[in-house]
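Listing of input28.csv, CSV, C-alpha atoms
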chain,number,residue,atom,x,y,z
Z,1,MET,CA,-47.2,10.0,42.7
Z,2,SER,CA,-48.7,12.8,44.7
Z,3,ASP,CA,-46.9,16.1,45.5
Z,4,LEU,CA,-46.5,15.1,49.1
Z,5,GLN,CA,-45.0,11.7,48.2
Z,6,ALA,CA,-42.6,13.6,45.8
Z,7,ILE,CA,-41.4,16.0,48.5
Z,8,VAL,CA,-41.0,13.2,51.1
Z,9,LEU,CA,-39.0,11.1,48.7
Z,10,ALA,CA,-36.8,14.1,47.8
Z,11,LEU,CA,-36.2,14.9,51.5
Z,12,LEU,CA,-35.4,11.2,52.1
Z,13,GLN,CA,-33.0,11.2,49.2
Z,14,GLY,CA,-31.2,14.4,50.2
Z,15,VAL,CA,-30.8,13.2,53.8
Z,16,SER,CA,-30.2,9.5,53.4
Z,17,GLU,CA,-27.7,9.8,50.6
Z,18,LEU,CA,-25.2,11.5,52.9
Z,19,PHE,CA,-26.2,10.2,56.4
Z,20,PRO,CA,-24.6,6.6,56.6
Z,21,ILE,CA,-28.0,5.0,56.5
Z,22,SER,CA,-28.4,3.9,52.8
Z,23,SER,CA,-30.6,6.0,50.5
Z,24,LEU,CA,-31.3,3.1,48.2
Z,25,GLY,CA,-32.4,0.9,51.2
Z,26,HIS,CA,-34.7,3.7,52.4
Z,27,THR,CA,-36.3,4.4,49.1
Z,28,ILE,CA,-37.2,0.7,48.9
Z,29,LEU,CA,-38.3,0.4,52.6
Z,30,LEU,CA,-40.2,3.7,53.2
Z,31,PRO,CA,-42.7,3.3,50.4
Z,32,ALA,CA,-43.3,-0.3,51.5
Z,33,VAL,CA,-43.8,0.8,55.2
Z,34,LEU,CA,-46.1,3.7,54.1
Z,35,ARG,CA,-47.9,1.4,51.7
Z,36,TRP,CA,-47.3,3.7,48.7
Z,37,ASN,CA,-48.3,1.0,46.2
Z,38,ASN,CA,-49.0,3.6,43.5
Z,39,ILE,CA,-45.2,4.1,43.1
Z,40,ASN,CA,-43.7,1.9,40.5
Z,41,ARG,CA,-39.9,2.1,40.8
Z,42,ALA,CA,-39.5,0.8,37.2
Z,43,ASP,CA,-41.8,3.4,35.7
Z,44,PRO,CA,-39.8,5.7,33.3
Z,45,THR,CA,-41.4,8.8,34.8
Z,46,PHE,CA,-40.3,7.7,38.3
Z,47,LEU,CA,-36.8,7.0,37.0
Z,48,ALA,CA,-36.7,10.5,35.5
Z,49,PHE,CA,-37.8,11.9,38.9
Z,50,VAL,CA,-35.0,10.0,40.7
Z,51,VAL,CA,-32.4,11.3,38.2
Z,52,VAL,CA,-33.3,14.9,39.1
Z,53,LEU,CA,-33.1,14.1,42.8
Z,54,HIS,CA,-29.6,12.7,42.3
Z,55,LEU,CA,-28.6,15.7,40.3
Z,56,GLY,CA,-29.8,18.0,43.2
Z,57,THR,CA,-27.9,16.0,45.7
Z,58,ALA,CA,-24.7,16.1,43.6
Z,59,LEU,CA,-25.0,19.8,43.0
Z,60,ALA,CA,-25.4,20.4,46.8
Z,61,LEU,CA,-22.2,18.4,47.5
Z,62,LEU,CA,-20.4,20.4,44.8
Z,63,ALA,CA,-21.7,23.6,46.2
Z,64,TYR,CA,-20.6,22.7,49.8
Z,65,TYR,CA,-17.1,21.7,48.8
Z,66,ARG,CA,-16.9,24.2,45.9
Z,67,THR,CA,-13.6,25.8,47.1
Z,68,GLN,CA,-12.0,22.4,47.5
Z,69,TRP,CA,-13.2,21.1,44.1
Z,70,TRP,CA,-12.0,24.1,42.3
Z,71,ALA,CA,-8.5,23.8,43.9
Z,72,ILE,CA,-8.5,20.0,43.2
Z,73,ALA,CA,-9.5,20.5,39.5
Z,74,ARG,CA,-6.9,23.2,39.0
Z,75,ALA,CA,-4.2,21.0,40.7
Z,76,LEU,CA,-5.2,17.9,38.6
Z,77,VAL,CA,-5.0,19.9,35.3
Z,78,SER,CA,-1.7,21.5,36.2
Z,79,SER,CA,-0.2,18.1,37.1
Z,80,VAL,CA,-1.3,16.6,33.8
Z,81,VAL,CA,0.1,19.6,31.9
Z,82,ARG,CA,3.4,19.2,33.9
Z,83,GLY,CA,3.4,15.5,33.4
Z,84,LYS,CA,4.5,14.6,36.9
Z,85,LEU,CA,3.1,14.4,40.4
Z,86,SER,CA,4.1,17.0,43.0
Z,87,GLN,CA,3.7,17.3,46.7
Z,88,ASP,CA,0.7,19.6,46.4
Z,89,ARG,CA,-2.0,18.6,48.8
Z,90,ASN,CA,-4.9,19.3,46.4
Z,91,GLU,CA,-3.2,17.4,43.6
Z,92,ARG,CA,-2.6,14.4,45.8
Z,93,VAL,CA,-6.2,14.4,47.1
Z,94,GLY,CA,-7.4,14.8,43.5
Z,95,TRP,CA,-5.6,11.7,42.2
Z,96,LEU,CA,-6.6,9.8,45.3
Z,97,LEU,CA,-10.2,10.6,44.4
Z,98,VAL,CA,-9.7,9.6,40.7
Z,99,VAL,CA,-8.2,6.3,41.8
Z,100,GLY,CA,-10.8,5.7,44.5
Z,101,THR,CA,-13.7,6.3,42.0
Z,102,LEU,CA,-12.5,3.6,39.6
Z,103,PRO,CA,-13.8,0.6,41.6
Z,104,VAL,CA,-17.3,1.9,42.0
Z,105,GLY,CA,-17.4,3.1,38.4
Z,106,ILE,CA,-16.4,-0.3,37.0
Z,107,LEU,CA,-18.3,-2.5,39.5
Z,108,GLY,CA,-21.4,-0.3,39.2
Z,109,LEU,CA,-21.4,-0.6,35.4
Z,110,ILE,CA,-21.2,-4.4,35.6
Z,111,PHE,CA,-23.2,-5.3,38.7
Z,112,GLN,CA,-25.7,-2.5,39.3
Z,113,GLU,CA,-28.6,-3.9,37.3
Z,114,PRO,CA,-28.3,-7.6,38.4
Z,115,VAL,CA,-27.8,-6.6,42.0
Z,116,ARG,CA,-30.8,-4.4,42.1
Z,117,ALA,CA,-32.9,-7.0,40.3
Z,118,LEU,CA,-31.8,-9.6,42.9
Z,119,PHE,CA,-32.0,-7.5,46.1
Z,120,GLY,CA,-34.3,-4.6,45.3
Z,121,THR,CA,-37.1,-5.8,47.5
Z,122,PRO,CA,-37.9,-5.0,51.2
Z,123,ALA,CA,-36.6,-8.2,52.8
Z,124,PRO,CA,-33.0,-8.1,51.4
Z,125,ALA,CA,-32.9,-4.3,51.8
Z,126,ALA,CA,-33.8,-4.6,55.4
Z,127,ALA,CA,-31.3,-7.4,56.0
Z,128,PHE,CA,-28.5,-5.4,54.4
Z,129,LEU,CA,-29.6,-2.3,56.4
Z,130,ALA,CA,-29.1,-4.3,59.6
Z,131,LEU,CA,-25.8,-5.5,58.3
Z,132,ASN,CA,-24.8,-1.9,57.5
Z,133,GLY,CA,-25.4,-1.2,61.2
Z,134,LEU,CA,-23.2,-4.1,62.2
Z,135,VAL,CA,-20.4,-2.9,59.8
Z,136,MET,CA,-20.4,0.5,61.5
Z,137,PHE,CA,-20.1,-1.1,65.0
Z,138,ALA,CA,-17.3,-3.4,63.7
Z,139,GLY,CA,-15.5,-0.4,62.1
Z,140,GLU,CA,-15.6,1.6,65.3
Z,141,ALA,CA,-14.4,-1.4,67.3
Z,142,LEU,CA,-11.5,-2.1,65.0
Z,143,ARG,CA,-10.5,1.6,64.9
Z,144,ARG,CA,-10.4,1.7,68.7
Z,145,ARG,CA,-8.3,-1.4,68.7
Z,146,GLN,CA,-6.0,0.2,66.1
Z,147,LEU,CA,-5.6,3.4,68.1
Z,148,ARG,CA,-4.4,1.3,71.1
Z,149,LEU,CA,-1.5,-0.1,69.1
Z,150,PRO,CA,1.8,1.7,69.5
Z,151,GLN,CA,2.9,4.0,66.7
Z,152,ARG,CA,-0.6,4.3,65.2
Z,153,ALA,CA,-1.9,7.8,64.9
Z,154,ASP,CA,-4.5,9.6,62.7
Z,155,ARG,CA,-3.2,10.8,59.4
Z,156,PRO,CA,-4.5,13.5,57.0
Z,157,ILE,CA,-6.3,12.5,53.8
Z,158,GLU,CA,-3.3,13.4,51.6
Z,159,HIS,CA,-1.2,10.8,53.4
Z,160,LEU,CA,-3.4,7.9,52.2
Z,161,SER,CA,-1.7,5.6,49.7
Z,162,PHE,CA,-3.3,4.9,46.3
Z,163,ALA,CA,-3.9,1.3,47.4
Z,164,GLN,CA,-5.8,2.6,50.5
Z,165,SER,CA,-7.8,4.9,48.2
Z,166,VAL,CA,-8.7,1.9,46.1
Z,167,PHE,CA,-9.7,0.0,49.3
Z,168,VAL,CA,-12.0,2.9,50.3
Z,169,GLY,CA,-13.3,2.9,46.7
Z,170,PHE,CA,-14.1,-0.8,46.9
Z,171,ALA,CA,-15.9,-0.3,50.2
Z,172,GLN,CA,-18.0,2.4,48.5
Z,173,SER,CA,-18.9,-0.1,45.9
Z,174,LEU,CA,-20.7,-2.2,48.6
Z,175,ALA,CA,-23.4,0.5,48.4
Z,176,LEU,CA,-24.6,-1.2,45.2
Z,177,LEU,CA,-26.4,-3.5,47.6
Z,178,PRO,CA,-29.6,-1.8,48.7
Z,179,GLY,CA,-29.3,-1.2,52.5
Z,180,ILE,CA,-25.6,-0.7,52.5
Z,181,SER,CA,-24.7,2.9,52.9
Z,182,ARG,CA,-22.1,4.5,50.5
Z,183,SER,CA,-20.9,7.0,53.0
Z,184,GLY,CA,-21.1,4.5,55.9
Z,185,ALA,CA,-19.0,1.9,54.1
Z,186,SER,CA,-16.4,4.4,52.8
Z,187,MET,CA,-16.2,6.1,56.2
Z,188,VAL,CA,-15.5,2.8,57.9
Z,189,ALA,CA,-12.8,2.0,55.3
Z,190,GLY,CA,-11.3,5.4,55.8
Z,191,LEU,CA,-11.3,4.9,59.6
Z,192,LEU,CA,-9.5,1.6,59.1
Z,193,CYS,CA,-6.9,3.5,57.0
Z,194,ASP,CA,-6.2,5.7,60.0
Z,195,LEU,CA,-8.2,8.7,59.0
Z,196,ASP,CA,-10.1,10.4,61.9
Z,197,HIS,CA,-13.9,10.7,61.8
Z,198,GLU,CA,-13.8,14.2,60.4
Z,199,ASP,CA,-11.4,13.4,57.6
Z,200,ALA,CA,-13.1,10.0,56.9
Z,201,ALA,CA,-16.4,11.9,56.5
Z,202,GLU,CA,-14.9,14.6,54.3
Z,203,TYR,CA,-13.1,12.0,52.1
Z,204,SER,CA,-16.3,10.0,51.8
Z,205,PHE,CA,-18.3,13.0,50.7
Z,206,LEU,CA,-15.7,14.1,48.2
Z,207,LEU,CA,-15.5,10.5,46.9
Z,208,ALA,CA,-19.3,10.3,46.6
Z,209,THR,CA,-19.6,13.6,44.6
Z,210,PRO,CA,-18.3,12.4,41.2
Z,211,VAL,CA,-20.1,9.1,41.5
Z,212,ILE,CA,-23.5,10.7,42.3
Z,213,LEU,CA,-23.0,13.4,39.7
Z,214,ALA,CA,-21.9,10.9,37.0
Z,215,ALA,CA,-24.8,8.6,37.8
Z,216,ALA,CA,-27.2,11.5,37.4
Z,217,LEU,CA,-25.7,12.9,34.3
Z,218,LEU,CA,-25.5,9.5,32.6
Z,219,GLU,CA,-29.1,8.9,33.3
Z,220,ILE,CA,-30.2,12.2,31.9
Z,221,PRO,CA,-31.5,10.5,28.7
Z,222,LYS,CA,-34.3,9.1,30.9
Z,223,LEU,CA,-35.6,12.6,31.3
Z,224,THR,CA,-36.6,12.3,27.6
Z,225,ALA,CA,-38.7,9.1,28.2
Z,226,PRO,CA,-42.3,9.3,27.1
Z,227,GLY,CA,-44.5,10.8,29.7
Z,228,SER,CA,-41.6,12.2,31.8
Z,229,HIS,CA,-42.9,15.7,31.2
Z,230,VAL,CA,-45.8,14.8,33.4
Z,231,VAL,CA,-43.5,14.7,36.5
Z,232,LEU,CA,-41.4,17.7,35.4
Z,233,VAL,CA,-42.7,20.1,38.0
Z,234,GLN,CA,-42.5,17.5,40.7
Z,235,ALA,CA,-39.0,16.6,39.6
Z,236,ILE,CA,-37.8,20.2,39.7
Z,237,ILE,CA,-39.3,20.9,43.1
Z,238,GLY,CA,-38.0,17.5,44.3
Z,239,GLY,CA,-34.5,18.3,43.0
Z,240,ILE,CA,-34.5,21.6,44.9
Z,241,VAL,CA,-35.7,20.0,48.1
Z,242,ALA,CA,-33.1,17.2,47.7
Z,243,ALA,CA,-30.4,19.7,47.2
Z,244,ILE,CA,-31.4,21.8,50.3
Z,245,ALA,CA,-31.7,18.6,52.4
Z,246,ALA,CA,-28.3,17.3,51.1
Z,247,TYR,CA,-26.6,20.6,51.8
Z,248,ALA,CA,-28.0,20.8,55.3
Z,249,SER,CA,-27.0,17.2,55.9
Z,250,VAL,CA,-23.4,17.6,54.8
Z,251,ALA,CA,-23.1,20.8,56.9
Z,252,PHE,CA,-24.5,18.9,59.9
Z,253,LEU,CA,-22.4,15.8,59.4
Z,254,THR,CA,-19.1,17.6,59.0
Z,255,ARG,CA,-19.7,19.3,62.3
Z,256,TYR,CA,-21.1,16.1,63.9
Z,257,PHE,CA,-18.0,14.0,63.0
Z,258,LYS,CA,-15.6,16.5,64.6
Z,259,SER,CA,-16.5,15.0,68.0
Z,260,ASN,CA,-18.8,12.0,67.4
Z,261,ASP,CA,-18.7,8.6,65.8
Z,262,LEU,CA,-20.8,6.2,63.7
Z,263,ARG,CA,-22.4,4.2,66.5
Z,264,PRO,CA,-25.7,6.2,66.7
Z,265,PHE,CA,-26.3,5.5,63.0
Z,266,GLY,CA,-25.3,1.9,63.6
Z,267,TRP,CA,-28.0,1.5,66.2
Z,268,TYR,CA,-30.6,3.1,63.9
Z,269,CYS,CA,-29.7,0.9,61.0
Z,270,LEU,CA,-29.7,-2.3,63.1
Z,271,ALA,CA,-33.0,-1.5,64.7
Z,272,ALA,CA,-34.7,-0.3,61.5
Z,273,GLY,CA,-33.3,-3.2,59.5
Z,274,VAL,CA,-34.4,-5.9,62.0
Z,275,ILE,CA,-37.9,-4.4,62.4
Z,276,CYS,CA,-38.4,-4.1,58.6
Z,277,PHE,CA,-37.0,-7.6,58.0
Z,278,ILE,CA,-39.4,-9.1,60.6
Z,279,LEU,CA,-42.3,-7.1,59.0
Z,280,SER,CA,-41.4,-8.3,55.5
Z,281,ARG,CA,-41.2,-11.9,56.6
Z,282,MET,CA,-44.6,-11.5,58.3
Z,283,GLY,CA,-45.9,-10.3,54.9
Z,284,VAL,CA,-46.7,-6.8,56.2
Z,285,LEU,CA,-44.1,-5.2,53.8
Z,286,SER,CA,-44.3,-6.1,50.2
B,1,MET,CA,4.8,0.8,30.4
B,2,LYS,CA,4.3,3.7,27.9
B,3,PRO,CA,3.2,1.4,25.0
B,4,LEU,CA,0.8,-0.5,27.4
B,5,ALA,CA,-0.8,2.8,28.4
B,6,LEU,CA,-1.3,3.7,24.8
B,7,VAL,CA,-2.6,0.3,23.8
B,8,LEU,CA,-5.1,0.3,26.7
B,9,ALA,CA,-6.3,3.8,25.8
B,10,LEU,CA,-6.8,2.8,22.2
B,11,ALA,CA,-8.5,-0.5,23.3
B,12,PHE,CA,-11.0,1.3,25.6
B,13,PHE,CA,-11.7,3.9,23.0
B,14,VAL,CA,-12.6,1.2,20.5
B,15,ILE,CA,-14.6,-0.8,23.0
B,16,GLY,CA,-16.5,2.4,24.0
B,17,LEU,CA,-17.2,3.1,20.3
B,18,LEU,CA,-18.5,-0.5,19.8
B,19,TYR,CA,-20.8,0.0,22.8
B,20,GLY,CA,-22.0,3.3,21.4
B,21,LEU,CA,-22.8,1.7,18.1
B,22,GLY,CA,-24.7,-1.1,19.8
B,23,ILE,CA,-22.3,-3.8,18.6
B,24,LEU,CA,-21.1,-4.8,22.0
B,25,ASN,CA,-23.7,-5.9,24.6
B,26,PHE,CA,-21.7,-7.4,27.4
B,27,PHE,CA,-22.7,-6.2,30.9
B,28,THR,CA,-25.7,-4.2,29.5
B,29,LYS,CA,-29.3,-4.7,30.4
B,30,SER,CA,-31.1,-7.3,28.4
B,31,GLY,CA,-33.3,-5.5,26.0
B,32,ALA,CA,-30.4,-3.2,25.3
B,33,GLU,CA,-31.7,0.3,25.9
B,34,HIS,CA,-29.9,3.2,24.2
B,35,SER,CA,-29.1,5.0,27.5
B,36,HIS,CA,-27.3,2.0,28.9
B,37,HIS,CA,-25.0,1.7,25.9
B,38,PHE,CA,-24.3,5.4,26.2
B,39,THR,CA,-23.3,4.8,29.9
B,40,HIS,CA,-20.8,2.2,28.8
B,41,LEU,CA,-19.5,4.3,26.0
B,42,VAL,CA,-18.8,7.2,28.4
B,43,ALA,CA,-17.3,4.9,31.0
B,44,CYS,CA,-14.9,3.3,28.5
B,45,TRP,CA,-13.9,6.7,27.1
B,46,ILE,CA,-13.2,8.0,30.6
B,47,ILE,CA,-11.0,5.0,31.3
B,48,ALA,CA,-9.3,5.6,27.9
B,49,LEU,CA,-8.7,9.2,29.0
B,50,LEU,CA,-7.2,8.0,32.3
B,51,CYS,CA,-4.9,5.7,30.3
B,52,LEU,CA,-3.7,8.7,28.3
B,53,VAL,CA,-3.0,10.6,31.6
B,54,TRP,CA,-1.0,7.6,32.7
B,55,PHE,CA,0.9,7.7,29.4
B,56,ARG,CA,1.5,11.4,29.9
B,57,PHE,CA,2.9,10.9,33.5
B,58,GLN,CA,5.4,8.4,32.1
B,59,GLY,CA,6.5,10.8,29.4
B,60,SER,CA,8.4,13.1,31.6
B,61,PRO,CA,11.9,12.3,32.8
B,62,SER,CA,12.0,11.6,36.5
B,63,ARG,CA,13.9,14.0,38.8
Could you spell out this file's structure in structure tokens?
Amino acid sequence: MSDLQAIVLALLQGVSELFPISSLGHTILLPAVLRWNNINRADPTFLAFVVVLHLGTALALLAYYRTQWWAIARALVSSVVRGKLSQDRNERVGWLLVVGTLPVGILGLIFQEPVRALFGTPAPAAAFLALNGLVMFAGEALRRRQLRLPQRADRPIEHLSFAQSVFVGFAQSLALLPGISRSGASMVAGLLCDLDHEDAAEYSFLLATPVILAAALLEIPKLTAPGSHVVLVQAIIGGIVAAIAAYASVAFLTRYFKSNDLRPFGWYCLAAGVICFILSRMGVLS
Amino acid sequence: MKPLALVLALAFFVIGLLYGLGILNFFTKSGAEHSHHFTHLVACWIIALLCLVWFRFQGSPSR
């Protein structure tokens, strides 16, 4: 892997992990489109590189929401010490995040490897990317229909029920499929639970943080794989680039979703997915 | 529900230990790499910890 490839992949990871366009799908499709045949996704040194990129992304998310995470962690600890739930907003959000993280944790552990072995090639990734676009359109349409119903109004994150948090967590689990976006799926689920776009995005990013961080931390043993020191400098630079890109992305998206919706990302995913699927069926992508 | 929470916590602790020792291989990659067992160990112990939190929340009298 050249330095340029490392930086492009780091930028791609940092941006696409948070934009609702599927980072996993893009890390399969972009090297295929650019014909980077020298990159072997199963190579231990590449896996070590990816671990550092995820770590950079997670740290950027933690840094962006540092005040909130600190308040949530303190509220969670104090509720455990107290032994009962209170009406505190941070405590409520904290337990919603714990409950919402369980589905992706369990399903990821069981299905991650077989799903990636089955669908980790350009054609399925492209098909799922197009489906991801359709899911976003469907989510927006359903939300508009919900808002037309009487007595339906947006609610803040802390008013979600634990069942709804599990629902959003299950939606996030769909991102195990390459091409389905973690933030896109969880945002659509959040919208269907009556969150507005801004809160759905914030909840999606908060929910993604422990998952990305845990995935990176649990894969740290891969950094000790033979030969991984060869990519150490690339990995460190890549991690920093991914962190900066992720921080900029979350800052942009939180502002964007104050007054905009998912449809532009839906159009992008649909177009990119259809084009890549056709190219892969024609044998151009492999 | 308190005994159930404790039993589940204990069960997940033991299951995690068995994964860590390499005795259990369910839902792990074939070829059984060390890191994957480590992942299952940590995940099981996190669930065990959550069961203990559940136990703790049931320990206090409700107002």
Could you name the residues that touch region 262-271 of chain Z at 12 Å or less, counting all atoms listed in the file, but leaving out those on the same chain fewer than 6 positions away, as a PyMOL selection string?
chain Z and resi 16+18-23+25-26+125-141+143+179-181+183-188+191+196-198+200-201+253+256+277-278
Using only C-alpha atoms, find which residues of chain B lie within 6 Å of chain Z and jot them down as a ChimeraX atom specification.
/B:27,39,56-57,60
For the atom pair CA of Val51 (chain Z) and CA of Ser165 (chain Z), what is the interatomic distance in Å to one decimal place?
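Atom-to-atom, CA of Val51 (chain Z) to CA of Ser165 (chain Z), that is 27.3 Å.
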Separation of CA of Pro210 (chain Z) from CA of Phe49 (chain Z), in Å and rounded to one decimal
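If I compute the distance from CA of Pro210 (chain Z) to CA of Phe49 (chain Z), I get 19.6 Å.
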Excluding region 48-53 of chain B and its own-chain neighbours fewer than 5 positions away, which residues fall within 8 Å of it when counting all atoms listed in the file? Please give them as a VMD selection string.
(chain Z and resid 80) or (chain B and resid 5 to 6 8 to 13)
Might you pull out every residue within 7 Å of Cys193 (chain Z), with all atoms listed in the file counted and same-chain residues fewer than 3 positions away left off, and present them as a list in words?
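The residues that qualify are Gln164, Ala189 and Gly190 of chain Z.
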Residues of region 134-225 of chain Z that approach region 34-45 of chain Z to 10 Å or less, counting only C-alpha atoms: could you list each one with the shortest pair of atoms and its distance in Å to one decimal, rows by chain and increasing residue number, as a Markdown table?
| residue | atom | partner | partner_atom | distance |
| --- | --- | --- | --- | --- |
| Z:Lys222 | CA | Z:Pro44 | CA | 6.9 |
| Z:Leu223 | CA | Z:Thr45 | CA | 7.8 |
| Z:Thr224 | CA | Z:Pro44 | CA | 9.3 |
| Z:Ala225 | CA | Z:Pro44 | CA | 6.2 |
In Å, with one decimal, what is the gap from CA of Ile15 (chain B) to CA of Leu41 (chain B)?
7.7 Å
Residue with smallest distance to Ile47 (chain B) - pool Z:Ser2, Z:Thr101, Z:Thr57, Z:Thr27, counting all atoms listed in the file:
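Using all atoms listed in the file, the shortest distance to Ile47 (chain B) belongs to Z:Thr101.
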Shortest interatomic distance to Leu29 (chain Z) - which of Z:Gly120, Z:Pro226, Z:Pro150, Z:Gly283, counting all atoms listed in the file
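Answer, going by the shortest atom-to-atom distance: Z:Gly120.
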